[in-house]
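Student: One structure follows; several queries about it will come next.
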Amino acid sequence: MHISDGVLPVSVAIGGYVASFGLTVWSVHRTRSEEMPKLAVMTAAFFVASLIHIPFGPTSVHLIIPGLTGALLGPSAFLSIGLGLLLQSLLFQFGGLTALGANALMMGLPALLCGWFFQKFKGSTPSRQALIGGVVGAAGTALAAIILAALLVTGGEDFFGVAKIALAAHVPVIIIEGAVSALTIGFLARVKPALLLQAFDSPQRPVHG
């Protein structure tokens, strides 16, 4: 799902960087110090999950877990995904540095939306939280695939076919991510429900002794 260098028009790549920078600043501001260990774990999980690529025609598919990341990290999800993408680009040349902003938007924006949805509708029972977790797990990948297709289309008519294939290729991934998120969140809701607590309306505050 990573977009490589040279695919996007310069204006789109720059616009992606500007939007991603703004969201990253917001995400940093909303990240509380006590959330840092969980952010590190989810960044590592995203980093590893999206390293496993399965070729599919002119594109490839892999797990990206934006819905699960959003559900667990809330506003910190964009920062987590941005860091994971930066490391992948620098260490393994997955995606491109010029397309880093667009890639961060493609995966980070669905994570934020799914995180908000999960906190709004998760309810209080483990079964309800597992159900909503499955919904956001599937929806996060579906939204990312739609944004990917839209970004590819900006590259010109040569990428129309690739955009269609990318959408079709992610249908099984959407189903798998929904199941993974449902199982993970259902498990956490039973053994460690505090990990599912997030707040989109509470910026970081200093800790007073």
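Just remember, in the structure tokens the first chain shown is A, the second B, etc., residues are 1-based per chain, and ligands are 1-based in the order shown.
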Find the nearest atom pair between each residue of stretch 103-191 of chain A and stretch 20-30 of chain A for residues within 10 Å, count only C-alpha atoms, give distances in Å to one decimal, sort rows by chain and ascending number, and present the table as JSON lines.
Tutor:
```
{"residue": "A:Asn103", "atom": "CA", "partner": "A:Ser20", "partner_atom": "CA", "distance": 9.1}
{"residue": "A:Ala104", "atom": "CA", "partner": "A:Ser20", "partner_atom": "CA", "distance": 6.5}
{"residue": "A:Leu105", "atom": "CA", "partner": "A:Ser20", "partner_atom": "CA", "distance": 6.0}
{"residue": "A:Met106", "atom": "CA", "partner": "A:Ser20", "partner_atom": "CA", "distance": 9.7}
{"residue": "A:Gly108", "atom": "CA", "partner": "A:Ser20", "partner_atom": "CA", "distance": 8.6}
{"residue": "A:Leu109", "atom": "CA", "partner": "A:Leu23", "partner_atom": "CA", "distance": 8.7}
{"residue": "A:Leu112", "atom": "CA", "partner": "A:Ser27", "partner_atom": "CA", "distance": 9.5}
```
Student: For the residues selected in the previous step, produce a file with C-alpha atoms as an mmCIF file, in the first residue's frame.
Tutor:
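Output file again-v7.cif is given in full below:
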```
data_model
loop_
_atom_site.group_PDB
_atom_site.id
_atom_site.type_symbol
_atom_site.label_atom_id
_atom_site.label_comp_id
_atom_site.auth_asym_id
_atom_site.auth_seq_id
_atom_site.Cartn_x
_atom_site.Cartn_y
_atom_site.Cartn_z
ATOM 1 C CA ASN A 103 1.515 7.758 2.810
ATOM 2 C CA ALA A 104 1.086 9.126 6.331
ATOM 3 C CA LEU A 105 -2.215 10.725 5.359
ATOM 4 C CA MET A 106 -3.379 7.556 3.625
ATOM 5 C CA GLY A 108 -2.958 7.934 9.560
ATOM 6 C CA LEU A 109 -6.186 9.747 8.732
ATOM 7 C CA LEU A 112 -7.772 8.925 13.614
#
```
Student: From a DSSP pass on the backbone, collect the residues of stretch 49-203 of chain A flagged as alpha helix (DSSP H) and hand them back as a VMD selection string.
Tutor: chain A and resid 49 66 to 73 77 to 92 100 to 121 126 to 153 160 to 169 171 to 191
Student: At a cut-off of 9 Å, using only C-alpha atoms, what residues contact stretch 35-48 of chain A? Leave out same-chain residues fewer than 3 positions from it and give the result as a ChimeraX atom specification.
Tutor: /A:31-32,51-52,63-66,68-69,72-73,76-77,79-85,87-88,195
Student: Skipping near chain neighbours, those fewer than 5 positions away, what residues fall within 6 Å of stretch 166-176 of chain A using only C-alpha atoms, listed as a CSV table (one decimal) with C-alpha atoms, in the first residue's frame?
Tutor:
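So result.csv came out as:
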```csv
chain,number,residue,atom,x,y,z
A,138,ALA,CA,-12.2,-3.3,8.6
A,141,THR,CA,-8.2,-0.5,5.9
A,145,ALA,CA,-7.5,1.7,0.2
```
Student: Would you mind reading off the distance between atom CA of A:Thr125 and atom CA of A:Phe78, one decimal, in Å?
Tutor: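 Taking atom CA of A:Thr125 as the start and atom CA of A:Phe78 as the end point, the length is 26.9 Å.
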Student: Taking only C-alpha atoms into account, name the residue in A:Ala99, A:Val153, A:Ala144, A:Leu90 that is nearest to A:Ala111.
Tutor: A:Ala144
